[in-house]
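Trainee: Provided below: model05.cif, containing mmCIF, C-alpha atoms.
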data_data
#
loop_
_atom_site.label_atom_id
_atom_site.label_comp_id
_atom_site.auth_asym_id
_atom_site.auth_seq_id
_atom_site.Cartn_x
_atom_site.Cartn_y
_atom_site.Cartn_z
CA MET A 1 -2.50 16.51 -20.81
CA GLY A 2 -2.02 15.43 -17.21
CA LYS A 3 -3.54 12.32 -15.70
CA PRO A 4 -7.05 12.51 -14.19
CA MET A 5 -7.65 13.68 -10.62
CA LYS A 6 -9.94 12.09 -8.07
CA ILE A 7 -12.22 14.69 -6.56
CA ARG A 8 -14.93 14.48 -3.94
CA ALA A 9 -17.13 17.39 -2.87
CA ALA A 10 -19.87 17.34 -0.27
CA VAL A 11 -21.97 20.11 1.23
CA LYS A 12 -22.81 20.20 4.93
CA ASP A 13 -24.20 23.06 7.02
CA GLY A 14 -23.65 25.58 4.23
CA MET A 15 -20.00 24.64 3.67
CA THR A 16 -18.72 22.59 0.77
CA GLU A 17 -15.76 20.38 1.56
CA VAL A 18 -13.60 19.46 -1.42
CA LYS A 19 -11.01 16.69 -1.42
CA ILE A 20 -8.64 16.45 -4.34
CA LEU A 21 -6.11 13.77 -5.17
CA MET A 22 -3.81 14.70 -8.05
CA GLN A 23 -1.58 12.40 -10.08
CA HIS A 24 1.77 14.03 -10.57
CA ASP A 25 5.43 13.04 -10.17
CA MET A 26 6.31 16.32 -8.39
CA GLU A 27 10.04 16.06 -9.07
CA THR A 28 12.01 18.56 -6.99
CA GLY A 29 14.85 18.96 -9.47
CA LEU A 30 17.26 17.99 -6.71
CA ARG A 31 17.09 14.22 -7.02
CA LYS A 32 19.57 12.18 -8.99
CA ASP A 33 18.81 9.05 -10.93
CA ALA A 34 20.76 5.77 -10.83
CA ASP A 35 23.58 7.10 -13.05
CA GLY A 36 23.99 10.29 -11.06
CA SER A 37 22.38 12.77 -13.39
CA LEU A 38 19.85 15.25 -12.05
CA ILE A 39 16.19 14.48 -12.65
CA PRO A 40 14.74 17.73 -14.04
CA ALA A 41 12.29 19.65 -11.88
CA TRP A 42 8.71 18.90 -12.76
CA PHE A 43 5.98 20.01 -10.43
CA ILE A 44 2.56 21.60 -10.21
CA THR A 45 2.79 25.37 -9.82
CA GLU A 46 -0.84 26.35 -9.43
CA VAL A 47 -4.12 24.73 -8.40
CA LYS A 48 -7.39 26.49 -8.94
CA ALA A 49 -10.95 25.65 -7.88
CA GLU A 50 -13.93 27.27 -9.54
CA TYR A 51 -17.53 27.23 -8.45
CA ASP A 52 -20.41 29.07 -10.04
CA GLY A 53 -18.12 31.06 -12.32
CA ARG A 54 -15.81 32.33 -9.61
CA VAL A 55 -12.51 31.21 -8.17
CA VAL A 56 -12.94 29.80 -4.66
CA LEU A 57 -9.36 28.63 -4.22
CA ASP A 58 -6.12 29.66 -5.87
CA ALA A 59 -3.07 27.87 -4.53
CA GLN A 60 0.59 28.12 -5.41
CA PHE A 61 2.37 24.80 -5.30
CA GLY A 62 6.10 24.11 -5.33
CA GLN A 63 8.83 21.48 -5.05
CA SER A 64 8.20 20.72 -1.40
CA ILE A 65 4.88 19.05 -2.07
CA SER A 66 4.83 15.27 -2.32
CA LYS A 67 4.22 13.08 -5.32
CA ASN A 68 0.50 12.56 -5.99
CA PRO A 69 -0.60 15.55 -3.88
CA TYR A 70 -3.71 15.50 -1.76
CA LEU A 71 -5.50 18.75 -0.99
CA MET A 72 -8.56 19.36 1.11
CA PHE A 73 -10.34 22.69 1.51
CA SER A 74 -13.79 24.12 2.22
CA PHE A 75 -15.68 27.07 0.86
CA LYS A 76 -18.85 28.80 1.93
CA GLY A 77 -21.91 27.95 -0.12
CA GLY A 78 -22.46 25.30 -2.75
CA SER A 79 -25.42 23.00 -3.10
CA ALA A 80 -25.92 19.39 -4.06
CA GLY A 81 -25.99 18.75 -7.80
CA GLU A 82 -23.84 21.73 -8.70
CA LYS A 83 -20.34 21.43 -10.06
CA VAL A 84 -16.88 22.33 -8.83
CA LYS A 85 -14.07 22.54 -11.36
CA ILE A 86 -10.45 21.92 -10.35
CA SER A 87 -7.50 22.76 -12.58
CA TRP A 88 -3.74 22.63 -12.22
CA VAL A 89 -0.78 23.73 -14.31
CA ASP A 90 2.81 22.58 -13.92
CA ASN A 91 6.20 24.13 -14.63
CA LYS A 92 6.39 22.43 -18.03
CA GLY A 93 3.15 24.04 -19.09
CA ASP A 94 1.15 20.84 -18.82
CA SER A 95 -2.30 21.12 -17.29
CA ARG A 96 -5.37 19.21 -16.22
CA SER A 97 -9.00 20.08 -15.41
CA ASP A 98 -11.64 17.86 -13.87
CA GLU A 99 -15.13 18.49 -12.61
CA VAL A 100 -17.10 16.97 -9.80
CA THR A 101 -20.74 17.17 -8.78
CA ILE A 102 -21.34 18.26 -5.21
CA SER A 103 -23.11 15.62 -3.13
CA ALA A 104 -25.29 16.18 -0.11
CA MET B 1 23.45 11.37 54.68
CA ASN B 2 22.83 15.07 55.28
CA THR B 3 19.70 16.86 54.15
CA ASN B 4 21.43 18.15 51.06
CA GLN B 5 22.37 14.63 49.98
CA ILE B 6 18.85 13.37 50.65
CA PHE B 7 17.49 16.25 48.64
CA LYS B 8 19.79 15.35 45.74
CA ALA B 9 18.81 11.69 45.84
CA VAL B 10 15.13 12.55 45.80
CA MET B 11 15.69 14.95 42.94
CA VAL B 12 17.51 12.31 40.90
CA LEU B 13 14.70 9.86 41.51
CA ALA B 14 12.09 12.40 40.59
CA LEU B 15 14.00 13.40 37.49
CA SER B 16 14.56 9.88 36.25
CA GLY B 17 10.91 9.15 36.90
CA SER B 18 9.76 12.09 34.85
CA LEU B 19 12.26 11.33 32.10
CA THR B 20 10.89 7.86 31.51
CA ALA B 21 7.40 9.29 31.59
CA VAL B 22 8.36 11.75 28.85
CA ALA B 23 9.99 9.02 26.77
CA GLU B 24 6.92 6.80 27.01
CA GLU B 25 4.58 9.62 26.21
CA LYS B 26 6.63 10.44 23.13
CA ALA B 27 6.59 6.85 21.90
CA VAL B 28 2.82 6.81 22.12
CA THR B 29 2.45 10.17 20.41
CA ASP B 30 4.68 9.13 17.52
CA SER B 31 2.57 6.15 16.57
CA GLN B 32 -0.59 8.08 17.28
CA ARG B 33 0.62 10.79 14.93
CA ILE B 34 1.23 8.26 12.20
CA GLU B 35 -2.25 6.91 12.84
CA GLN B 36 -3.67 10.45 12.63
CA TYR B 37 -1.80 11.09 9.42
CA ARG B 38 -3.16 7.85 7.97
CA GLU B 39 -6.68 8.87 8.89
CA MET B 40 -6.23 12.31 7.37
CA ILE B 41 -5.28 10.95 4.00
CA SER B 42 -7.23 7.71 4.10
CA ASP B 43 -9.86 8.94 1.69
CA GLY B 44 -7.16 10.25 -0.59
CA ASN B 45 -5.16 7.09 -1.07
CA PRO B 46 -3.15 7.30 -4.30
CA ALA B 47 -3.44 3.50 -4.55
CA GLU B 48 -6.77 4.30 -6.21
CA PHE B 49 -4.88 5.38 -9.30
CA ASP B 50 -3.16 2.02 -9.42
CA GLU B 51 -6.54 0.31 -9.02
CA MET B 52 -7.82 2.27 -12.01
CA ARG B 53 -4.77 1.33 -14.04
CA GLY B 54 -5.17 -2.32 -13.07
CA GLU B 55 -8.85 -2.40 -13.98
CA GLU B 56 -8.04 -0.99 -17.41
CA LEU B 57 -5.35 -3.65 -17.89
CA TRP B 58 -7.74 -6.41 -16.76
CA LYS B 59 -10.34 -5.40 -19.35
CA THR B 60 -8.07 -4.54 -22.26
CA ALA B 61 -6.93 -7.12 -24.78
CA GLY B 62 -3.16 -7.54 -24.77
CA GLY B 63 -0.19 -9.90 -25.11
CA PRO B 64 0.68 -12.08 -28.12
CA LYS B 65 -2.79 -13.69 -27.95
CA ASN B 66 -4.47 -10.28 -27.83
CA ALA B 67 -6.82 -11.33 -25.04
CA SER B 68 -8.04 -9.59 -21.92
CA LEU B 69 -7.99 -11.18 -18.48
CA GLU B 70 -11.76 -11.24 -18.20
CA LYS B 71 -11.71 -15.06 -18.49
CA CYS B 72 -9.16 -15.39 -15.70
CA ASP B 73 -10.40 -17.66 -12.89
CA LEU B 74 -9.28 -16.40 -9.50
CA GLY B 75 -11.05 -19.24 -7.75
CA LYS B 76 -14.63 -18.03 -7.80
CA GLY B 77 -15.26 -18.74 -11.47
CA LYS B 78 -14.10 -17.18 -14.73
CA GLY B 79 -13.87 -13.42 -14.52
CA VAL B 80 -15.15 -13.16 -10.94
CA VAL B 81 -13.04 -10.55 -9.20
CA LYS B 82 -15.37 -9.54 -6.39
CA GLY B 83 -14.28 -11.14 -3.13
CA ALA B 84 -11.65 -13.34 -4.78
CA TYR B 85 -8.71 -11.97 -2.82
CA ALA B 86 -10.31 -12.54 0.59
CA GLU B 87 -10.23 -16.30 -0.16
CA MET B 88 -6.69 -16.52 -1.50
CA PRO B 89 -4.29 -18.32 -1.48
CA ARG B 90 -6.28 -21.37 -2.55
CA TYR B 91 -5.84 -24.62 -4.44
CA PHE B 92 -6.37 -24.53 -8.21
CA LYS B 93 -7.22 -27.74 -10.03
CA ASP B 94 -5.91 -26.64 -13.44
CA THR B 95 -2.40 -25.91 -12.19
CA LYS B 96 -2.59 -28.47 -9.36
CA LYS B 97 -1.06 -25.83 -7.11
CA VAL B 98 -1.80 -23.60 -4.19
CA GLN B 99 -1.58 -20.08 -5.58
CA ASP B 100 -1.62 -16.60 -4.15
CA LEU B 101 -3.12 -13.77 -6.17
CA GLU B 102 0.12 -12.80 -7.87
CA SER B 103 1.09 -16.32 -8.96
CA ARG B 104 -2.47 -16.81 -10.22
CA LEU B 105 -2.32 -13.61 -12.25
CA LEU B 106 0.97 -14.90 -13.62
CA THR B 107 -0.83 -18.08 -14.74
CA CYS B 108 -3.59 -16.06 -16.42
CA MET B 109 -1.22 -13.66 -18.14
CA THR B 110 0.87 -16.50 -19.54
CA THR B 111 -1.97 -18.84 -20.56
CA LEU B 112 -4.67 -16.39 -21.66
CA GLN B 113 -2.53 -13.58 -23.02
CA GLY B 114 0.53 -15.59 -24.05
CA ILE B 115 3.01 -13.31 -22.30
CA PRO B 116 6.24 -15.22 -21.52
CA GLU B 117 6.60 -15.76 -17.78
CA GLU B 118 10.20 -14.48 -17.66
CA GLN B 119 9.06 -11.23 -19.21
CA ILE B 120 6.75 -10.64 -16.25
CA THR B 121 8.93 -11.99 -13.46
CA ALA B 122 12.11 -10.21 -14.59
CA LYS B 123 10.82 -6.96 -13.08
CA PRO B 124 7.62 -7.70 -11.20
CA PHE B 125 7.78 -4.61 -8.96
CA ALA B 126 7.15 -1.03 -10.03
CA SER B 127 9.90 1.58 -9.89
CA ASP B 128 10.06 5.34 -10.28
CA LYS B 129 10.73 4.84 -13.96
CA LYS B 130 8.43 2.00 -14.85
CA GLU B 131 5.04 0.87 -13.69
CA SER B 132 4.39 -2.84 -13.28
CA ASP B 133 1.37 -4.39 -14.94
CA ILE B 134 1.13 -7.38 -12.62
CA SER B 135 1.38 -5.08 -9.62
CA SER B 136 -1.39 -2.78 -10.87
CA LEU B 137 -3.58 -5.78 -11.67
CA THR B 138 -3.00 -6.99 -8.12
CA THR B 139 -4.06 -3.62 -6.71
CA TYR B 140 -7.25 -3.72 -8.77
CA VAL B 141 -8.19 -7.24 -7.70
CA VAL B 142 -7.57 -6.69 -3.98
CA GLY B 143 -9.65 -3.50 -4.05
CA GLN B 144 -12.60 -5.69 -5.03
CA SER B 145 -12.40 -7.46 -1.66
CA LYS B 146 -12.36 -4.29 0.40
CA GLY B 147 -14.72 -4.56 3.37
CA MET B 148 -15.01 -8.34 3.14
CA LYS B 149 -13.97 -10.84 5.78
CA MET B 150 -10.79 -12.83 5.22
CA LYS B 151 -11.86 -16.41 4.61
CA VAL B 152 -9.02 -18.62 3.46
CA SER B 153 -9.96 -22.28 3.65
CA THR B 154 -7.47 -24.91 4.78
CA LYS B 155 -9.79 -27.78 3.90
CA HIS B 156 -7.72 -28.82 0.90
CA PRO B 157 -4.71 -30.88 2.06
CA LYS B 158 -2.39 -28.93 -0.24
CA VAL B 159 -3.40 -25.65 1.42
CA LYS B 160 -2.94 -27.23 4.82
CA GLU B 161 0.51 -28.38 3.74
CA ALA B 162 1.38 -24.89 2.43
CA TYR B 163 0.26 -23.41 5.76
CA GLU B 164 2.55 -25.75 7.68
CA ILE B 165 5.50 -25.02 5.39
CA GLY B 166 4.81 -21.30 5.73
CA LYS B 167 4.81 -21.60 9.49
CA ARG B 168 8.20 -23.33 9.38
CA ILE B 169 9.65 -20.64 7.11
CA PHE B 170 8.32 -17.96 9.47
CA ASN B 171 10.24 -19.48 12.35
CA TYR B 172 13.31 -20.63 10.41
CA ARG B 173 16.48 -18.89 11.56
CA ALA B 174 19.39 -18.57 9.17
CA GLY B 175 21.56 -16.11 7.30
CA PRO B 176 24.44 -13.89 8.46
CA TYR B 177 22.44 -12.59 11.47
CA ASP B 178 20.65 -15.83 12.25
CA PHE B 179 17.31 -14.07 11.79
CA ALA B 180 13.87 -15.56 11.22
CA CYS B 181 10.70 -13.61 10.45
CA SER B 182 9.87 -14.33 14.06
CA THR B 183 13.02 -12.53 15.25
CA CYS B 184 11.32 -9.26 14.37
CA HIS B 185 7.69 -10.31 14.35
CA ALA B 186 7.02 -12.44 17.44
CA THR B 187 7.34 -9.92 20.28
CA SER B 188 4.67 -7.43 21.29
CA GLY B 189 5.25 -3.73 21.74
CA VAL B 190 8.55 -3.36 19.88
CA ARG B 191 9.44 -1.19 16.97
CA ILE B 192 12.23 -0.41 14.50
CA ARG B 193 12.69 3.33 14.00
CA MET B 194 9.10 4.61 13.87
CA GLN B 195 7.57 1.36 12.72
CA ASP B 196 5.61 -0.74 15.16
CA LEU B 197 6.50 -4.35 14.60
CA PRO B 198 3.44 -6.59 14.60
CA ASN B 199 3.61 -9.73 16.72
CA MET B 200 2.35 -12.12 14.09
CA ARG B 201 3.05 -15.27 16.06
CA SER B 202 1.00 -14.82 19.20
CA SER B 203 -1.26 -11.83 18.67
CA LYS B 204 -4.25 -12.64 16.50
CA LYS B 205 -5.03 -8.94 16.17
CA ASP B 206 -1.49 -8.07 15.07
CA ALA B 207 -1.49 -10.92 12.57
CA GLN B 208 -4.75 -9.62 11.15
CA THR B 209 -3.80 -5.94 10.83
CA ALA B 210 -0.37 -6.79 9.41
CA TYR B 211 -1.94 -8.79 6.61
CA THR B 212 -5.14 -6.95 5.78
CA GLY B 213 -3.56 -3.58 5.04
CA TRP B 214 -1.48 -4.93 2.15
CA PRO B 215 -1.03 -4.26 -0.80
CA ALA B 216 -0.43 -0.64 0.11
CA TYR B 217 0.65 2.71 -1.21
CA ARG B 218 4.00 3.56 0.33
CA VAL B 219 4.09 7.32 0.77
CA SER B 220 7.88 7.26 1.15
CA GLN B 221 8.23 5.54 -2.21
CA GLY B 222 5.28 7.05 -4.05
CA LEU B 223 4.34 3.58 -5.26
CA THR B 224 1.73 0.93 -4.55
CA ARG B 225 3.36 -2.26 -3.32
CA SER B 226 2.03 -5.81 -3.46
CA PHE B 227 2.25 -8.53 -0.82
CA GLN B 228 5.00 -10.31 -2.79
CA TRP B 229 6.93 -7.05 -2.56
CA ARG B 230 6.34 -6.88 1.20
CA LEU B 231 7.77 -10.38 1.63
CA ASN B 232 10.64 -9.65 -0.72
CA ASP B 233 11.60 -6.59 1.33
CA CYS B 234 11.33 -8.44 4.64
CA PHE B 235 13.56 -11.23 3.32
CA ARG B 236 16.03 -8.44 2.48
CA GLN B 237 15.78 -7.06 6.03
CA GLN B 238 16.39 -10.60 7.20
CA ARG B 239 19.57 -10.74 5.03
CA PHE B 240 18.22 -13.75 3.19
CA PRO B 241 18.79 -14.35 -0.52
CA GLU B 242 16.17 -12.62 -2.66
CA PRO B 243 13.19 -14.95 -3.05
CA LYS B 244 11.96 -15.82 -6.53
CA TYR B 245 8.80 -13.91 -7.41
CA ALA B 246 5.69 -15.99 -6.76
CA SER B 247 7.81 -18.98 -5.70
CA GLU B 248 6.38 -21.88 -3.70
CA ALA B 249 8.12 -20.62 -0.56
CA THR B 250 6.57 -17.14 -0.81
CA ILE B 251 3.15 -18.66 -1.49
CA ALA B 252 3.48 -20.96 1.53
CA LEU B 253 4.44 -18.02 3.74
CA THR B 254 1.55 -15.98 2.36
CA THR B 255 -0.82 -18.88 3.09
CA PHE B 256 0.38 -19.00 6.69
CA LEU B 257 -0.12 -15.25 7.15
CA ALA B 258 -3.44 -15.11 5.29
CA VAL B 259 -4.98 -17.97 7.27
CA ASN B 260 -3.90 -16.29 10.51
CA ALA B 261 -5.74 -13.16 9.35
CA ASN B 262 -9.00 -15.09 8.84
CA GLY B 263 -12.06 -13.42 10.30
CA ALA B 264 -10.70 -9.89 9.96
CA GLU B 265 -12.07 -7.37 7.52
CA TYR B 266 -9.87 -6.84 4.50
CA VAL B 267 -9.13 -3.10 4.31
CA GLY B 268 -6.64 -2.78 1.44
CA PRO B 269 -5.28 -1.34 -0.66
CA GLY B 270 -3.79 0.33 2.36
CA LEU B 271 -1.59 3.28 3.07
CA LYS B 272 1.80 3.01 4.71
CA ARG B 273 4.45 5.55 5.60
#
Transcribe the structure of this file into structure tokens.

Mentor:
Amino acid sequence: MGKPMKIRAAVKDGMTEVKILMQHDMETGLRKDADGSLIPAWFITEVKAEYDGRVVLDAQFGQSISKNPYLMFSFKGGSAGEKVKISWVDNKGDSRSDEVTISA
Amino acid sequence: MNTNQIFKAVMVLALSGSLTAVAEEKAVTDSQRIEQYREMISDGNPAEFDEMRGEELWKTAGGPKNASLEKCDLGKGKGVVKGAYAEMPRYFKDTKKVQDLESRLLTCMTTLQGIPEEQITAKPFASDKKESDISSLTTYVVGQSKGMKMKVSTKHPKVKEAYEIGKRIFNYRAGPYDFACSTCHATSGVRIRMQDLPNMRSSKKDAQTAYTGWPAYRVSQGLTRSFQWRLNDCFRQQRFPEPKYASEATIALTTFLAVNANGAEYVGPGLKR
């Protein structure tokens, strides 16, 4: 299982703003280590956000995204006390899900 | 001079004028952009993960003595982490030494946990392959001073002495390029590549911001770096021999820089390019 994310979600004027910090090496597959051998590609391929039983964000990630990615997005609706669930999967089939309570 | 020549001369003047204007504007925008970028990701600083790791290490029993660091005295009493960093380096009676945070953690890890010093100092900085416990512990402790004012006391004569030694090291020119810290860090408004170089000798504000944003997550390295690392890398840029981790010289230099930052709010762990 992947390492935990840090997530913040706050609702303002009917929009919920979500900020996600993921812990992932995000290896491109193009880098070489000290003895010249390629470091295998290892990166997040998909990030999903769910609120109230529906998907509010579905993002495809790839090699060009930095180590420990940070993602911010907003969706319409949401109210304080409710939950947003974020999940990612990577190209090795590893995954991680974390939940956050929306604050006012 | 005929009219054509006058016209040309005026054009050249006008052109060179506008060229410098463009160059200056660009220089400003570059650093502003970096500042913008910092702001954008400031509430998503991956250093937080290192803080979490460090807190776990602080509280978990480990080492040959199977003890945690919760009895470690960082100067404000056993186990007190809150605000400790804002008052370091300081003099410690038990070791009879002025210590910065990292050398103090070294003392605690060796005495409380029984970890041999060489084992820690052999590779004190994290790499892509291996995290560093002492570095994560450092990140955790400094995070507990966030928002507090820097308040390093020079009342103790040993701290005063360290400050004076640090000041001399800062201005000491040597090595293949005859560089001192002050060669790069005592002029205002200069930069190397995209990096503004703080004037730590005569600008109080520069001295404060340069110090209070470290330790920091280096985006280009994907790692959180401690202040000992910062000094180590600047000694490298200075073409000096690599300093010993947590040596007296690095502590003296840290004391000099920390005291000069007094009065400013500590904002680390920071975020650097």

Trainee: If we count only C-alpha atoms and set the cut-off at 10 Å, which residues sit around B:Ala210, ignoring sequence neighbours fewer than 6 positions away in its own chain? Please answer as an mmCIF file with C-alpha atoms, in the coordinates of the input.

Mentor:
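Written file, around.cif:
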data_model
loop_
_atom_site.group_PDB
_atom_site.id
_atom_site.type_symbol
_atom_site.label_atom_id
_atom_site.label_comp_id
_atom_site.auth_asym_id
_atom_site.auth_seq_id
_atom_site.Cartn_x
_atom_site.Cartn_y
_atom_site.Cartn_z
ATOM 1 C CA LEU B 197 6.500 -4.350 14.600
ATOM 2 C CA PRO B 198 3.440 -6.590 14.600
ATOM 3 C CA ASN B 199 3.610 -9.730 16.720
ATOM 4 C CA MET B 200 2.350 -12.120 14.090
ATOM 5 C CA LYS B 204 -4.250 -12.640 16.500
ATOM 6 C CA LEU B 257 -0.120 -15.250 7.150
ATOM 7 C CA ALA B 258 -3.440 -15.110 5.290
ATOM 8 C CA ALA B 261 -5.740 -13.160 9.350
#

Trainee: For this structure, which residues satisfy the selection - the PyMOL selection byres ((chain A and resi 3) around 6) - when it is evaluated on the file as given? I want them as a list in words.

Mentor: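 With the shown file as input, the PyMOL selection byres ((chain A and resi 3) around 6) matches Gly2, Pro4 and Gln23 of chain A.
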
Trainee: Which chain B residues have any atom within 8 Å of an atom of chain A, and for each, what is the nearest pair of atoms with distance in Å to one decimal, counting only C-alpha atoms, rows sorted by chain and number, as a Markdown table?

Mentor:
| residue | atom | partner | partner_atom | distance |
| --- | --- | --- | --- | --- |
| B:Ile41 | CA | A:Tyr70 | CA | 7.5 |
| B:Gly44 | CA | A:Leu21 | CA | 5.9 |
| B:Asn45 | CA | A:Leu21 | CA | 7.9 |
| B:Pro46 | CA | A:Asn68 | CA | 6.6 |
| B:Phe49 | CA | A:Gln23 | CA | 7.8 |
| B:Gly222 | CA | A:Lys67 | CA | 6.3 |

Trainee: My list of candidates is B:Arg33, B:Lys244, B:Arg191, B:Lys272. Which is closest to B:Glu118 when distances are computed with all atoms listed in the file?

Mentor: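 Ranking B:Arg33, B:Lys244, B:Arg191, B:Lys272 by distance to B:Glu118, first place goes to B:Lys244.
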
Trainee: Which residues come within 7 Å of B:Arg225, counting all atoms listed in the file, excluding same-chain residues fewer than 5 positions away, as a PyMOL selection string?

Mentor: chain B and resi 215-218
